[in-house]
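Undergrad: Below is a structure I'd like to ask you about.
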Amino acid sequence: MTPSPPAKVPPGPPNDSWSGFYRDYIRDPLEYLTRLQRDFGDVVMLRAFNYRVYYLSHPDLIEQLLVTQARKFAKGRILKANKRLFGNGLLISEGDFWLRQRRLAQPAFHRARVVSYGETMARFTERLLTEWRDGETRDIHAEMMRLTLQIVAKTLFDADVAGDTQEVGRALQAITVLNSDFRRLVLTPPWLPTPTNVRAVLATHKLNSIIYRIIADRRTHPRDTGDRLSMLLAAQDEDGSRMTDRQLRDETITLFLAGHETTAIALSWTWWLLAQNPQAEAKLHAELDSVLAGRSPHPEDLPRLPYTEKAITEALRLYPPAWGIPRMALEDVEIAGYTVPKGSGVSVSSWVVHRDPRWFADPLAFRPERWDGDLQKRLPRFAYFPFGGGPRQCIGNAFALMEAQLLLATIAQKFRFRLIPDHPVVPQASITLRPKHGIRVVLESRSAHSRETRPAATAAAD
Ligand code: HEM
């Protein structure tokens with residue numbers, strides 16, 4: 001019998017470089033993955049003992065992973081390592097259970113419901129601005145985290161974390177800090193009683209008890225307070241069944257964690273990019289001043305604020321908050337002429353693809369104008385995918401975009417930010433892409449400095 005020819009294997013760094021790979025990857029995953037694509041191409045394989053990870057960097061291959069062949073893949077190992085926290089919520093559940101939960105949760109993300117949260121978003125932002133003073137130094141990332149935390153708590157459970165239900169805020173914040181560092185999660189087994197793990201367990205218990213208490217109260221006194229929990233409580237499957245308390249807990253924590261930090265990060269990077277690009281900032285100000293003239297924006301205003309939208313689109317391109325999407329093959333899968341064996345990891349990185357000169361001219365430049373015209377239509381579908389795609393596409397996509405635009409419009413009407421020259425601003429690629437040391441800025445009230453800003457804004461509008 002003739003032996004079958006060896007399976008075709010994609011290029012990649014030499015087999016013995018796993019320890020080197022691990023060191024380089026942990027030091028700077030963004031740089032490392034960019035280099036992998038540049039040196040080896042759109043399909044790269046890394047191997048450690050029997051475990052293989054394939055990195056795909058071409059939009060058509062990403063489409064295969066996320067859409068065409070999505071059924072053959074499960075979520076990756078790192079997310080699953082967070083099961084203690086997420087439970088079996090939408091982000092990590094699989095198969096029929098995931099599909100049922102996704103259908104039940106969908107009404108909470110319908111357009112009308114999302115739009116109804118616009119007023120809360122603008123109101124909470126105005127409230128934050130009353131605390132800010134011209135000339136003050138603040139960490140704009142911490143401020144955005146605080147604001148989106150308040151908005152998510154209000155829209156999820158109708159809780160005002162800046163007011164009397166601060167315990168929700170404190171527990172959620174403790175968990176957010178833990179959830180952000182995947183290296184810690186991967187390298188430290190969750191059962192080890194390290195200070196971090198102990199804090200995680202205590203914060204999760206605390207949060208569980210609060211959420212179960214809110215659920216019990218809503219079950220005893222049913223009411224639609226307009227928040228997502230009301231929608232999830234009322235949601236019914238075709239057979240009439242509803243979510244159990246455990247499922248409700250898993251979905252609310254998932255929605256909180258998936259939805260709060262990502263939006264704060266998107267805004268933080270937008271502020272940072274605007275602060276370095278005075279022309280773009282001036283155009284934004286000109287648009288806001290002419291359309292809103294100082295009043296709070298409503299969701300209906302957003303179609304008349306195209307530059308505001310493009311500034312967010314462009315920031316999500318350069319700094320995608322969910323910068324990597326990992327999967328695991330459930331069976332042998334053919335991709336690009338290679339057989340990806342069952343059990344292998346397959347990953348894509350929006351950071352790498354969004355900065356690829358094949359799709360974006362001058363890819364490292366922040367140019368919201370690049371989205372004028374029909375760029376979006378001309379691009380291959382998966383050249384730009386900050387919210388993923390296919391069946392597991394972000395359920396909070398519309399909510400996040402509306403929130404980011406409303407917050408940007410509300411804040412940029414009143415303040416601009418000056419960067420502090422010596423403060424290092426570095427993206428930290430853990431599960432999300434947060435600025436590692438925050439972003440320290442000096443707040444500048446636009447009305448206090450109107451004589452300086454007016455010529456720039458007028459020039460940009462001309
Ligand atoms: C700028 C903000 C956001 C970004 C960049 C973002 C990005 C993403 C991405 C890339 C995925 C797909 C992950 C994968 O395929 O493995 C995802 C999934 C998800 N996102 Fe978002 N997201 C954002 C905001 C939100 C918000 C506001 C919510 C909820 C209120 C949310 C809830 C979720 C959920 C529940 C999933 C899992 C969906 C499923 O598998 O069925 N996200 N997000």
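Letters for chains follow the order of the structure tokens (A, B, ...), residue numbers begin at 1 for each chain, and ligand numbers begin at 1 in the order shown.
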Find the residues of chain A that sit at most 7 Å from ligand 1; for each, write down the nearest two atoms and how far apart they are in Å, to one decimal. Count only C-alpha atoms and all ligand atoms. Sort by chain, then by number going up, and give it as a Markdown table.

TA:
| residue | atom | partner | partner_atom_place_in_ligand_line | distance |
| --- | --- | --- | --- | --- |
| A:Lys75 | CA | ligand 1 | 16 (O) | 6.2 |
| A:Leu90 | CA | ligand 1 | 39 (C) | 5.0 |
| A:Leu91 | CA | ligand 1 | 37 (C) | 3.8 |
| A:Ile92 | CA | ligand 1 | 40 (O) | 6.6 |
| A:Trp98 | CA | ligand 1 | 41 (O) | 7.0 |
| A:Arg102 | CA | ligand 1 | 41 (O) | 5.8 |
| A:Thr254 | CA | ligand 1 | 35 (C) | 6.1 |
| A:Leu255 | CA | ligand 1 | 29 (C) | 4.7 |
| A:Phe256 | CA | ligand 1 | 30 (C) | 6.4 |
| A:Ala258 | CA | ligand 1 | 32 (C) | 4.6 |
| A:Gly259 | CA | ligand 1 | 26 (C) | 3.2 |
| A:His260 | CA | ligand 1 | 27 (C) | 6.1 |
| A:Thr262 | CA | ligand 1 | 2 (C) | 4.4 |
| A:Thr263 | CA | ligand 1 | 2 (C) | 4.1 |
| A:Ala266 | CA | ligand 1 | 1 (C) | 5.4 |
| A:Pro320 | CA | ligand 1 | 5 (C) | 6.0 |
| A:Pro321 | CA | ligand 1 | 5 (C) | 4.9 |
| A:Ala322 | CA | ligand 1 | 10 (C) | 5.0 |
| A:Ile325 | CA | ligand 1 | 16 (O) | 5.0 |
| A:Pro326 | CA | ligand 1 | 16 (O) | 6.4 |
| A:Pro386 | CA | ligand 1 | 5 (C) | 5.1 |
| A:Phe387 | CA | ligand 1 | 10 (C) | 3.8 |
| A:Gly388 | CA | ligand 1 | 10 (C) | 4.0 |
| A:Gly389 | CA | ligand 1 | 15 (O) | 6.6 |
| A:Pro391 | CA | ligand 1 | 41 (O) | 6.9 |
| A:Arg392 | CA | ligand 1 | 40 (O) | 4.0 |
| A:Gln393 | CA | ligand 1 | 12 (C) | 4.9 |
| A:Cys394 | CA | ligand 1 | 18 (C) | 3.5 |
| A:Ile395 | CA | ligand 1 | 33 (C) | 5.0 |
| A:Gly396 | CA | ligand 1 | 28 (C) | 3.6 |
| A:Asn397 | CA | ligand 1 | 24 (C) | 5.6 |
| A:Phe399 | CA | ligand 1 | 27 (C) | 5.4 |
| A:Ala400 | CA | ligand 1 | 27 (C) | 4.3 |
| A:Leu401 | CA | ligand 1 | 1 (C) | 6.6 |

Undergrad: Where in region 314-377 of chain A does DSSP assign strand (DSSP E), given as a list in words?

TA: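 Answer for region 314-377 of chain A restricted to strand (DSSP E) is Gly324, Ile325, Pro326, Arg327, Met328, Ala329, Val333, Glu334, Ile335, Tyr338, Thr339, Val340, Gly345, Val346, Ser347, Val348 and Ser349 of chain A.
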
Undergrad: Residues of region 275-351 of chain A that approach region 21-32 of chain A to 9 Å or less, counting only C-alpha atoms: could you list each one with the shortest pair of atoms and its distance in Å to one decimal, rows by chain and increasing residue number, as a Markdown table?

TA:
| residue | atom | partner | partner_atom | distance |
| --- | --- | --- | --- | --- |
| A:Trp323 | CA | A:Leu30 | CA | 8.9 |
| A:Ser349 | CA | A:Leu30 | CA | 8.7 |
| A:Trp351 | CA | A:Leu30 | CA | 7.1 |

Undergrad: Would you write out those residues with all heavy atoms, as a short mmCIF file (atom, residue, chain, number, x, y, z; two decimals), in the first residue's frame?

TA:
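To be explicit, this is the file written out as again-v8.cif:
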data_model
loop_
_atom_site.label_atom_id
_atom_site.label_comp_id
_atom_site.auth_asym_id
_atom_site.auth_seq_id
_atom_site.Cartn_x
_atom_site.Cartn_y
_atom_site.Cartn_z
N TRP A 323 -9.79 42.98 19.81
CA TRP A 323 -8.81 42.99 18.74
C TRP A 323 -8.50 41.59 18.17
O TRP A 323 -7.88 41.47 17.12
CB TRP A 323 -7.50 43.60 19.24
CG TRP A 323 -6.91 42.79 20.36
CD1 TRP A 323 -7.29 42.82 21.66
CD2 TRP A 323 -5.91 41.79 20.27
NE1 TRP A 323 -6.57 41.91 22.39
CE2 TRP A 323 -5.71 41.26 21.56
CE3 TRP A 323 -5.13 41.29 19.21
CZ2 TRP A 323 -4.79 40.25 21.81
CZ3 TRP A 323 -4.22 40.28 19.48
CH2 TRP A 323 -4.05 39.77 20.77
N SER A 349 -7.18 38.47 13.80
CA SER A 349 -6.98 39.70 14.56
C SER A 349 -7.39 40.91 13.73
O SER A 349 -6.81 41.18 12.68
CB SER A 349 -5.51 39.84 14.96
OG SER A 349 -5.29 41.15 15.44
N TRP A 351 -6.88 43.86 14.59
CA TRP A 351 -5.75 44.80 14.66
C TRP A 351 -4.88 44.65 13.41
O TRP A 351 -4.53 45.62 12.75
CB TRP A 351 -4.92 44.54 15.92
CG TRP A 351 -3.62 45.29 15.95
CD1 TRP A 351 -2.45 44.93 15.35
CD2 TRP A 351 -3.36 46.55 16.61
NE1 TRP A 351 -1.46 45.87 15.60
CE2 TRP A 351 -2.00 46.87 16.37
CE3 TRP A 351 -4.13 47.41 17.38
CZ2 TRP A 351 -1.40 48.02 16.88
CZ3 TRP A 351 -3.53 48.56 17.89
CH2 TRP A 351 -2.19 48.86 17.63
#

Undergrad: What gap, in Å, lies between CA of Tyr54 (chain A) and CA of Ser344 (chain A)?

TA: 7.6 Å

Undergrad: Mind the document's chain letters and residue numbers, and return as number ranges by chain the residues of region 91-340 of chain A that DSSP labels alpha helix (DSSP H).

TA: A: 95-105, 111-116, 118-129, 140-157, 166-179, 182-187, 195-220, 228-234, 245-276, 278-291, 306-318

Undergrad: Hey, what's within 12 Å of Arg100 (chain A) if we count only C-alpha atoms and toss same-chain stuff fewer than 4 positions away? As a list of chain:residue names, please?

TA: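 Near Arg100 (chain A), the qualifying residues are A:Gly89, A:Leu90, A:Ser93, A:Glu94, A:Gly95, A:Asp96, A:Leu104, A:Ala105, A:Gln106, A:Ala235, A:Gln236, A:Asp237, A:Glu238, A:Asp239, A:Ser241, A:Arg242, A:Met243, A:Gln247.
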
Undergrad: Tell me which protein, DNA and RNA residues are within 7 Å of region 293-309 of chain A, counting only C-alpha atoms, leaving out same-chain ones fewer than 5 positions away, and put them as an MDAnalysis selection string.

TA: chainID A and resid 115 118:119 122 284 287:288 405:406 409:410 413

Undergrad: Quick one: residues within 12 Å of Gly41 (chain A), only C-alpha atoms, excluding same-chain residues fewer than 6 positions away - as an mmCIF file with all heavy atoms, in the first residue's frame?

TA:
data_model
loop_
_atom_site.group_PDB
_atom_site.id
_atom_site.type_symbol
_atom_site.label_atom_id
_atom_site.label_comp_id
_atom_site.auth_asym_id
_atom_site.auth_seq_id
_atom_site.Cartn_x
_atom_site.Cartn_y
_atom_site.Cartn_z
ATOM 1 N N PRO A 10 0.803 24.940 6.420
ATOM 2 C CA PRO A 10 1.077 26.357 6.140
ATOM 3 C C PRO A 10 2.425 26.782 6.709
ATOM 4 O O PRO A 10 2.940 26.138 7.622
ATOM 5 C CB PRO A 10 -0.047 27.113 6.853
ATOM 6 C CG PRO A 10 -0.905 26.120 7.497
ATOM 7 C CD PRO A 10 -0.299 24.770 7.371
ATOM 8 N N PRO A 11 2.970 27.890 6.184
ATOM 9 C CA PRO A 11 4.239 28.369 6.724
ATOM 10 C C PRO A 11 4.082 28.886 8.141
ATOM 11 O O PRO A 11 2.969 29.111 8.614
ATOM 12 C CB PRO A 11 4.610 29.520 5.776
ATOM 13 C CG PRO A 11 3.323 29.964 5.179
ATOM 14 C CD PRO A 11 2.428 28.766 5.135
ATOM 15 N N GLY A 12 5.208 29.080 8.818
ATOM 16 C CA GLY A 12 5.170 29.607 10.184
ATOM 17 C C GLY A 12 6.563 29.586 10.748
ATOM 18 O O GLY A 12 7.478 29.060 10.110
ATOM 19 N N PRO A 13 6.752 30.145 11.929
ATOM 20 C CA PRO A 13 8.081 30.120 12.527
ATOM 21 C C PRO A 13 8.499 28.684 12.815
ATOM 22 O O PRO A 13 7.631 27.822 12.967
ATOM 23 C CB PRO A 13 7.912 30.920 13.823
ATOM 24 C CG PRO A 13 6.457 31.035 14.051
ATOM 25 C CD PRO A 13 5.750 30.786 12.782
ATOM 26 N N LEU A 33 1.922 39.463 16.016
ATOM 27 C CA LEU A 33 0.988 38.967 14.998
ATOM 28 C C LEU A 33 1.136 39.742 13.688
ATOM 29 O O LEU A 33 1.003 39.173 12.602
ATOM 30 C CB LEU A 33 -0.458 39.062 15.509
ATOM 31 C CG LEU A 33 -0.767 38.124 16.685
ATOM 32 C CD1 LEU A 33 -2.206 38.283 17.134
ATOM 33 C CD2 LEU A 33 -0.495 36.664 16.310
ATOM 34 N N THR A 34 1.439 41.040 13.811
ATOM 35 C CA THR A 34 1.659 41.836 12.600
ATOM 36 C C THR A 34 2.879 41.282 11.854
ATOM 37 O O THR A 34 2.861 41.116 10.632
ATOM 38 C CB THR A 34 1.905 43.324 12.981
ATOM 39 O OG1 THR A 34 0.818 43.747 13.798
ATOM 40 C CG2 THR A 34 2.007 44.208 11.757
ATOM 41 N N ARG A 35 3.907 40.949 12.610
ATOM 42 C CA ARG A 35 5.139 40.411 12.009
ATOM 43 C C ARG A 35 4.885 39.036 11.378
ATOM 44 O O ARG A 35 5.361 38.750 10.284
ATOM 45 C CB ARG A 35 6.204 40.309 13.107
ATOM 46 C CG ARG A 35 7.612 40.149 12.613
ATOM 47 C CD ARG A 35 8.627 40.795 13.565
ATOM 48 N NE ARG A 35 8.398 40.522 14.973
ATOM 49 C CZ ARG A 35 8.876 39.460 15.644
ATOM 50 N NH1 ARG A 35 9.567 38.536 15.028
ATOM 51 N NH2 ARG A 35 8.655 39.335 16.933
ATOM 52 N N TYR A 54 -3.704 28.296 14.038
ATOM 53 C CA TYR A 54 -3.628 28.875 12.701
ATOM 54 C C TYR A 54 -4.076 30.333 12.787
ATOM 55 O O TYR A 54 -5.134 30.618 13.370
ATOM 56 C CB TYR A 54 -4.567 28.118 11.745
ATOM 57 C CG TYR A 54 -4.144 26.691 11.496
ATOM 58 C CD1 TYR A 54 -4.309 25.720 12.476
ATOM 59 C CD2 TYR A 54 -3.594 26.320 10.276
ATOM 60 C CE1 TYR A 54 -3.910 24.416 12.249
ATOM 61 C CE2 TYR A 54 -3.194 25.015 10.039
ATOM 62 C CZ TYR A 54 -3.346 24.067 11.039
ATOM 63 O OH TYR A 54 -2.959 22.776 10.820
ATOM 64 N N TYR A 55 -3.275 31.223 12.206
ATOM 65 C CA TYR A 55 -3.667 32.637 12.148
ATOM 66 C C TYR A 55 -4.071 32.989 10.724
ATOM 67 O O TYR A 55 -3.304 32.748 9.793
ATOM 68 C CB TYR A 55 -2.509 33.541 12.595
ATOM 69 C CG TYR A 55 -2.387 33.561 14.091
ATOM 70 C CD1 TYR A 55 -1.509 32.714 14.742
ATOM 71 C CD2 TYR A 55 -3.193 34.399 14.854
ATOM 72 C CE1 TYR A 55 -1.427 32.692 16.121
ATOM 73 C CE2 TYR A 55 -3.122 34.388 16.234
ATOM 74 C CZ TYR A 55 -2.236 33.538 16.852
ATOM 75 O OH TYR A 55 -2.171 33.524 18.220
ATOM 76 N N LEU A 56 -5.278 33.508 10.582
ATOM 77 C CA LEU A 56 -5.793 33.871 9.254
ATOM 78 C C LEU A 56 -5.837 35.388 9.140
ATOM 79 O O LEU A 56 -6.379 36.056 10.027
ATOM 80 C CB LEU A 56 -7.210 33.315 9.056
ATOM 81 C CG LEU A 56 -7.418 31.824 9.366
ATOM 82 C CD1 LEU A 56 -8.886 31.447 9.178
ATOM 83 C CD2 LEU A 56 -6.524 30.969 8.456
ATOM 84 N N SER A 57 -5.302 35.929 8.050
ATOM 85 C CA SER A 57 -5.267 37.394 7.940
ATOM 86 C C SER A 57 -5.846 37.908 6.627
ATOM 87 O O SER A 57 -5.699 39.087 6.321
ATOM 88 C CB SER A 57 -3.834 37.920 8.074
ATOM 89 O OG SER A 57 -3.303 37.537 9.314
ATOM 90 N N HIS A 58 -6.491 37.052 5.852
ATOM 91 C CA HIS A 58 -7.133 37.538 4.631
ATOM 92 C C HIS A 58 -8.647 37.586 4.853
ATOM 93 O O HIS A 58 -9.221 36.637 5.388
ATOM 94 C CB HIS A 58 -6.799 36.623 3.447
ATOM 95 C CG HIS A 58 -7.187 37.251 2.145
ATOM 96 N ND1 HIS A 58 -8.497 37.343 1.724
ATOM 97 C CD2 HIS A 58 -6.438 37.872 1.188
ATOM 98 C CE1 HIS A 58 -8.543 37.974 0.561
ATOM 99 N NE2 HIS A 58 -7.311 38.306 0.219
ATOM 100 N N ALA A 336 -8.247 27.353 2.858
ATOM 101 C CA ALA A 336 -7.176 27.792 1.954
ATOM 102 C C ALA A 336 -6.314 26.618 1.485
ATOM 103 O O ALA A 336 -5.097 26.756 1.361
ATOM 104 C CB ALA A 336 -6.306 28.853 2.640
ATOM 105 N N VAL A 352 -4.541 43.406 13.052
ATOM 106 C CA VAL A 352 -3.658 43.153 11.909
ATOM 107 C C VAL A 352 -4.369 43.524 10.595
ATOM 108 O O VAL A 352 -3.824 44.247 9.756
ATOM 109 C CB VAL A 352 -3.216 41.668 11.884
ATOM 110 C CG1 VAL A 352 -2.426 41.349 10.628
ATOM 111 C CG2 VAL A 352 -2.394 41.334 13.129
ATOM 112 N N VAL A 353 -5.605 43.060 10.433
ATOM 113 C CA VAL A 353 -6.290 43.257 9.142
ATOM 114 C C VAL A 353 -6.639 44.728 8.930
ATOM 115 O O VAL A 353 -6.502 45.255 7.819
ATOM 116 C CB VAL A 353 -7.560 42.362 9.075
ATOM 117 C CG1 VAL A 353 -8.262 42.523 7.738
ATOM 118 C CG2 VAL A 353 -7.189 40.910 9.314
ATOM 119 N N ASP A 356 -3.803 46.713 7.375
ATOM 120 C CA ASP A 356 -3.180 46.104 6.205
ATOM 121 C C ASP A 356 -3.291 47.078 5.028
ATOM 122 O O ASP A 356 -4.392 47.464 4.641
ATOM 123 C CB ASP A 356 -3.929 44.787 5.903
ATOM 124 C CG ASP A 356 -3.241 43.964 4.837
ATOM 125 O OD1 ASP A 356 -2.610 44.559 3.942
ATOM 126 O OD2 ASP A 356 -3.348 42.721 4.899
#

Undergrad: With only C-alpha atoms as the basis for distance, which of A:Phe157, A:Tyr51, A:Trp269, A:Phe86 is at the shortest distance from Leu408 (chain A)?

TA: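 Counting only C-alpha atoms, the residue closest to Leu408 (chain A) is A:Trp269.
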
Undergrad: Mind giving me the straight-line distance from CA of Thr148 (chain A) to CA of Arg127 (chain A) in Å, one decimal?

TA: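 Between CA of Thr148 (chain A) and CA of Arg127 (chain A) the gap is 12.6 Å.
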